[in-house]
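Coordinates as given in target-v7.tsv (TSV, C-alpha atoms):
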```tsv
chain	number	residue	atom	x	y	z
H	214	MET	CA	104.16	91.92	117.66
H	215	HIS	CA	107.46	91.61	115.76
H	216	GLY	CA	108.91	88.78	117.84
H	217	GLY	CA	111.42	90.92	119.72
H	218	ASP	CA	111.90	92.27	123.21
H	219	LEU	CA	111.64	95.74	124.77
H	220	MET	CA	113.79	96.49	127.80
H	221	VAL	CA	114.12	99.47	130.15
H	222	GLU	CA	116.67	100.26	132.82
H	223	SER	CA	115.89	103.23	135.05
H	224	GLN	CA	117.58	104.93	137.95
H	225	VAL	CA	115.85	107.69	139.89
H	226	GLY	CA	117.63	110.99	139.35
H	227	LYS	CA	119.91	109.55	136.63
H	228	GLY	CA	117.60	108.66	133.75
H	229	SER	CA	116.36	105.72	131.76
H	230	THR	CA	117.73	103.58	128.97
H	231	PHE	CA	115.34	101.91	126.56
H	232	SER	CA	116.51	99.15	124.22
H	233	PHE	CA	114.87	96.60	121.97
H	234	THR	CA	115.60	93.58	119.80
H	235	LEU	CA	113.87	92.55	116.59
H	236	GLN	CA	114.02	89.27	114.72
H	237	LEU	CA	115.43	89.35	111.20
H	238	ALA	CA	113.88	87.40	108.37
H	239	THR	CA	115.87	84.40	107.21
H	240	GLU	CA	116.98	84.19	103.59
H	241	ALA	CA	114.48	81.38	103.04
H	242	GLN	CA	111.64	83.58	104.35
H	243	LEU	CA	112.68	86.45	102.09
H	244	GLU	CA	112.91	84.18	99.04
H	245	ALA	CA	109.47	82.67	99.78
H	246	GLN	CA	107.84	86.09	99.79
H	247	PRO	CA	106.42	86.97	96.35
H	248	VAL	CA	107.70	90.27	94.98
H	249	THR	CA	105.01	92.54	93.61
H	250	ASN	CA	105.23	96.15	92.63
H	251	PRO	CA	102.86	98.39	94.62
H	252	LEU	CA	102.99	100.91	91.79
H	253	GLU	CA	101.67	100.41	88.30
H	254	GLU	CA	102.75	102.34	85.24
H	255	SER	CA	100.54	105.08	83.84
H	256	GLU	CA	100.70	107.15	80.66
H	257	SER	CA	102.86	109.83	82.28
H	258	ALA	CA	106.30	109.45	83.81
H	259	ALA	CA	104.71	109.35	87.29
H	260	LEU	CA	103.10	106.16	88.47
H	261	VAL	CA	99.56	105.73	89.73
H	262	LEU	CA	99.14	103.88	93.00
H	263	ASN	CA	97.35	100.58	92.81
H	264	PRO	CA	96.35	99.97	96.46
H	265	SER	CA	95.38	96.34	95.85
H	266	THR	CA	99.05	95.39	95.30
H	267	PHE	CA	100.48	97.45	98.18
H	268	LYS	CA	101.57	94.85	100.75
H	269	ALA	CA	102.77	95.58	104.27
H	270	SER	CA	105.22	92.70	104.09
H	271	GLU	CA	107.23	94.64	101.49
H	272	TRP	CA	106.79	98.26	102.59
H	273	HIS	CA	107.03	98.68	106.35
H	274	THR	CA	107.26	102.35	107.38
H	275	ILE	CA	105.19	105.13	105.87
H	276	LEU	CA	105.51	108.85	106.56
H	277	ILE	CA	102.36	110.89	105.91
H	278	ILE	CA	102.81	114.63	105.35
H	279	GLU	CA	99.25	115.99	105.27
H	280	ASP	CA	97.80	119.12	106.88
H	281	GLU	CA	94.20	117.91	107.13
H	282	ALA	CA	93.78	115.93	110.37
H	283	ARG	CA	90.81	113.88	109.13
H	284	ILE	CA	92.70	112.77	106.01
H	285	ARG	CA	95.79	111.89	108.08
H	286	ASP	CA	93.61	109.90	110.49
H	287	MET	CA	91.91	108.04	107.64
H	288	MET	CA	95.23	107.17	105.99
H	289	ARG	CA	96.79	106.13	109.29
H	290	ASN	CA	93.83	103.88	110.17
H	291	ILE	CA	93.82	102.15	106.79
H	292	LEU	CA	97.60	101.69	106.70
H	293	GLU	CA	97.91	100.50	110.31
H	294	LEU	CA	95.12	97.96	109.77
H	295	ALA	CA	97.14	96.68	106.81
H	296	GLY	CA	100.17	96.25	109.08
H	297	TYR	CA	102.26	99.33	108.34
H	298	ALA	CA	104.11	101.48	110.86
H	299	VAL	CA	102.90	105.04	110.26
H	300	THR	CA	104.44	108.35	111.25
H	301	GLU	CA	102.58	111.53	110.42
H	302	THR	CA	102.89	115.29	110.45
H	303	HIS	CA	100.81	118.27	109.34
H	304	ASP	CA	103.91	120.37	108.67
H	305	GLY	CA	106.12	120.34	105.54
H	306	LYS	CA	109.36	121.35	107.27
H	307	GLN	CA	108.83	118.79	110.03
H	308	GLY	CA	108.04	116.24	107.32
H	309	VAL	CA	111.44	116.81	105.71
H	310	ASP	CA	113.13	116.53	109.12
H	311	LEU	CA	111.23	113.31	109.91
H	312	ALA	CA	112.14	111.84	106.53
H	313	ILE	CA	115.83	112.56	107.15
H	314	GLY	CA	115.69	111.12	110.67
H	315	LEU	CA	113.49	108.08	110.00
H	316	ILE	CA	114.28	107.18	106.39
H	317	PRO	CA	110.79	105.71	105.85
H	318	ASP	CA	110.09	103.18	103.12
H	319	VAL	CA	107.46	105.43	101.52
H	320	ILE	CA	106.31	109.04	101.93
H	321	ILE	CA	102.75	110.15	101.17
H	322	LEU	CA	102.83	113.89	100.49
H	323	ASP	CA	100.00	116.40	100.22
H	324	ILE	CA	100.74	119.40	97.99
H	325	PHE	CA	98.58	121.98	99.79
H	326	LEU	CA	100.30	122.40	103.17
H	327	HIS	CA	99.86	125.47	105.37
H	328	ASP	CA	103.52	126.12	106.22
H	329	MET	CA	105.31	125.04	103.05
H	330	ASP	CA	104.30	124.19	99.51
H	331	GLY	CA	104.29	120.43	98.95
H	332	TRP	CA	106.26	120.88	95.73
H	333	ALA	CA	109.03	122.56	97.77
H	334	VAL	CA	108.94	119.62	100.20
H	335	LEU	CA	109.31	117.20	97.28
H	336	GLN	CA	112.25	119.19	95.89
H	337	GLU	CA	113.99	119.17	99.29
H	338	LEU	CA	113.46	115.43	99.61
H	339	ARG	CA	114.92	114.84	96.14
H	340	THR	CA	117.99	117.05	96.69
H	341	CYS	CA	118.92	115.58	100.08
H	342	PRO	CA	121.21	112.54	99.58
H	343	SER	CA	119.63	110.59	102.46
H	344	THR	CA	116.04	111.00	101.18
H	345	ALA	CA	116.55	111.19	97.41
H	346	ALA	CA	115.74	107.51	96.83
H	347	ILE	CA	112.68	107.29	99.11
H	348	PRO	CA	109.53	106.70	97.03
H	349	VAL	CA	107.18	109.70	97.34
H	350	ILE	CA	103.49	109.37	96.53
H	351	VAL	CA	101.97	112.76	95.82
H	352	CYS	CA	98.41	112.76	97.11
H	353	THR	CA	96.41	115.85	96.18
H	354	VAL	CA	93.13	117.19	94.84
H	355	SER	CA	94.88	119.05	92.02
H	356	GLU	CA	95.39	117.33	88.69
H	357	GLU	CA	99.12	117.88	88.34
H	358	GLN	CA	100.41	114.41	87.58
H	359	GLU	CA	102.95	115.74	85.06
H	360	LYS	CA	104.41	118.22	87.55
H	361	ALA	CA	104.66	115.46	90.15
H	362	ALA	CA	106.63	113.36	87.67
H	363	GLU	CA	108.90	116.26	86.70
H	364	LEU	CA	109.79	116.93	90.34
H	365	GLY	CA	110.60	113.29	91.04
H	366	ALA	CA	107.44	111.83	92.56
H	367	THR	CA	107.34	108.06	92.38
H	368	ALA	CA	103.56	107.92	92.20
H	369	TYR	CA	100.50	110.13	92.11
H	370	LEU	CA	97.25	109.58	93.92
H	371	GLU	CA	94.38	111.96	93.25
H	372	ASN	CA	92.13	112.79	96.21
H	373	PRO	CA	88.44	113.00	95.35
```

This entry written out as structure tokens:
Amino acid sequence: MHGGDLMVESQVGKGSTFSFTLQLATEAQLEAQPVTNPLEESESAALVLNPSTFKASEWHTILIIEDEARIRDMMRNILELAGYAVTETHDGKQGVDLAIGLIPDVIILDIFLHDMDGWAVLQELRTCPSTAAIPVIVCTVSEEQEKAAELGATAYLENP
């Protein structure tokens, strides 16, 4: 799909080695790609997501931290159809660990998680040097856009 190769070398009783190659975009390809901002400014310090400008060619990997399976599935389906690579978890602590290990391009974070408050997850992400700059979109049913901005959310998306 990405113009690369996937290889495997395996020896019984010893193990397997998996490797892959991916093609890099040329400078001309990168310059030809229009730059649009997937986030639009709102009245508060947090931004409100404008899905119509969110392009897979600019934002490749998304981590979803959401405890409701049906919402995770819906987000994953929509994002994968748009061409994004999606990783997901229902667990706040695992979400932080995944963010540190994967360094996704964007994190979509629910606030009402069963194991850990989403605000605590956001604070951990913002205090960790490797995840501090990752854009986090707070996605929740509560109307706490100001709190999201105060804690460092990049954008806020209100669930119906």

TODO: Take CA of Pro348 (chain H) and CA of Gly308 (chain H) and report the distance between them in Å, one decimal.
DONE: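 Separation of CA of Pro348 (chain H) and CA of Gly308 (chain H): 14.1 Å.
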
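Taking CA of Glu371 (chain H) and CA of Thr340 (chain H) as endpoints, the distance between them is 24.4 Å.
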
- [ ] Have a look at CA of Gln336 (chain H) and CA of Ala298 (chain H) and let me know their distance in Å, one decimal.
- [x]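 Computing it gives 24.6 Å between the two atoms.
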
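When the distance limit is 9 Å and all atoms listed in the file are what count, the residues near region 351-355 of chain H, minus those fewer than 4 positions from it on the same chain, are Glu279, Ile320, Ile321, Leu322, Asp323, Ile324, Phe325, Gly331, Leu335, Ala361, Ala366, Thr367, Ala368, Tyr369, Leu370, Glu371, Asn372 and Pro373 of chain H.
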
Return the padded bounding box of region 333-348 of chain H as JSON: axis-aligned, built from all atoms listed in the file, 5 Å added on each side, with centre and edge lengths in Å to one decimal.
```
{"center_x": 115.1, "center_y": 114.6, "center_z": 99.2, "size_x": 22.3, "size_y": 25.9, "size_z": 16.6}
```

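Counting all atoms listed in the file, Ser232 (chain H) has the following residues at most 8 Å away, ignoring those fewer than 6 positions along the same chain: H:Leu219, H:Met220, H:Val221.
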
Dump of C-alpha atoms for the selected residues, as a short mmCIF file (atom, residue, chain, number, x, y, z; two decimals), in the frame of the given file:
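Written output follows (selection.cif):
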```
data_model
loop_
_atom_site.label_atom_id
_atom_site.label_comp_id
_atom_site.auth_asym_id
_atom_site.auth_seq_id
_atom_site.Cartn_x
_atom_site.Cartn_y
_atom_site.Cartn_z
CA LEU H 219 111.64 95.74 124.77
CA MET H 220 113.79 96.49 127.80
CA VAL H 221 114.12 99.47 130.15
#
```

TODO: Name the residues within 10 Å of (117.4, 117.4, 106.0), counting all atoms listed in the file in the file's coordinates, and put them as an NGL selection string.
DONE: :H and (306-314 or 337-338 or 340-344)

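The smallest atom-to-atom distance between Thr302 (chain H) and any of H:Ile277, H:Leu364, H:Ile350, H:Ala333, using all atoms listed in the file, is found for H:Ile277.
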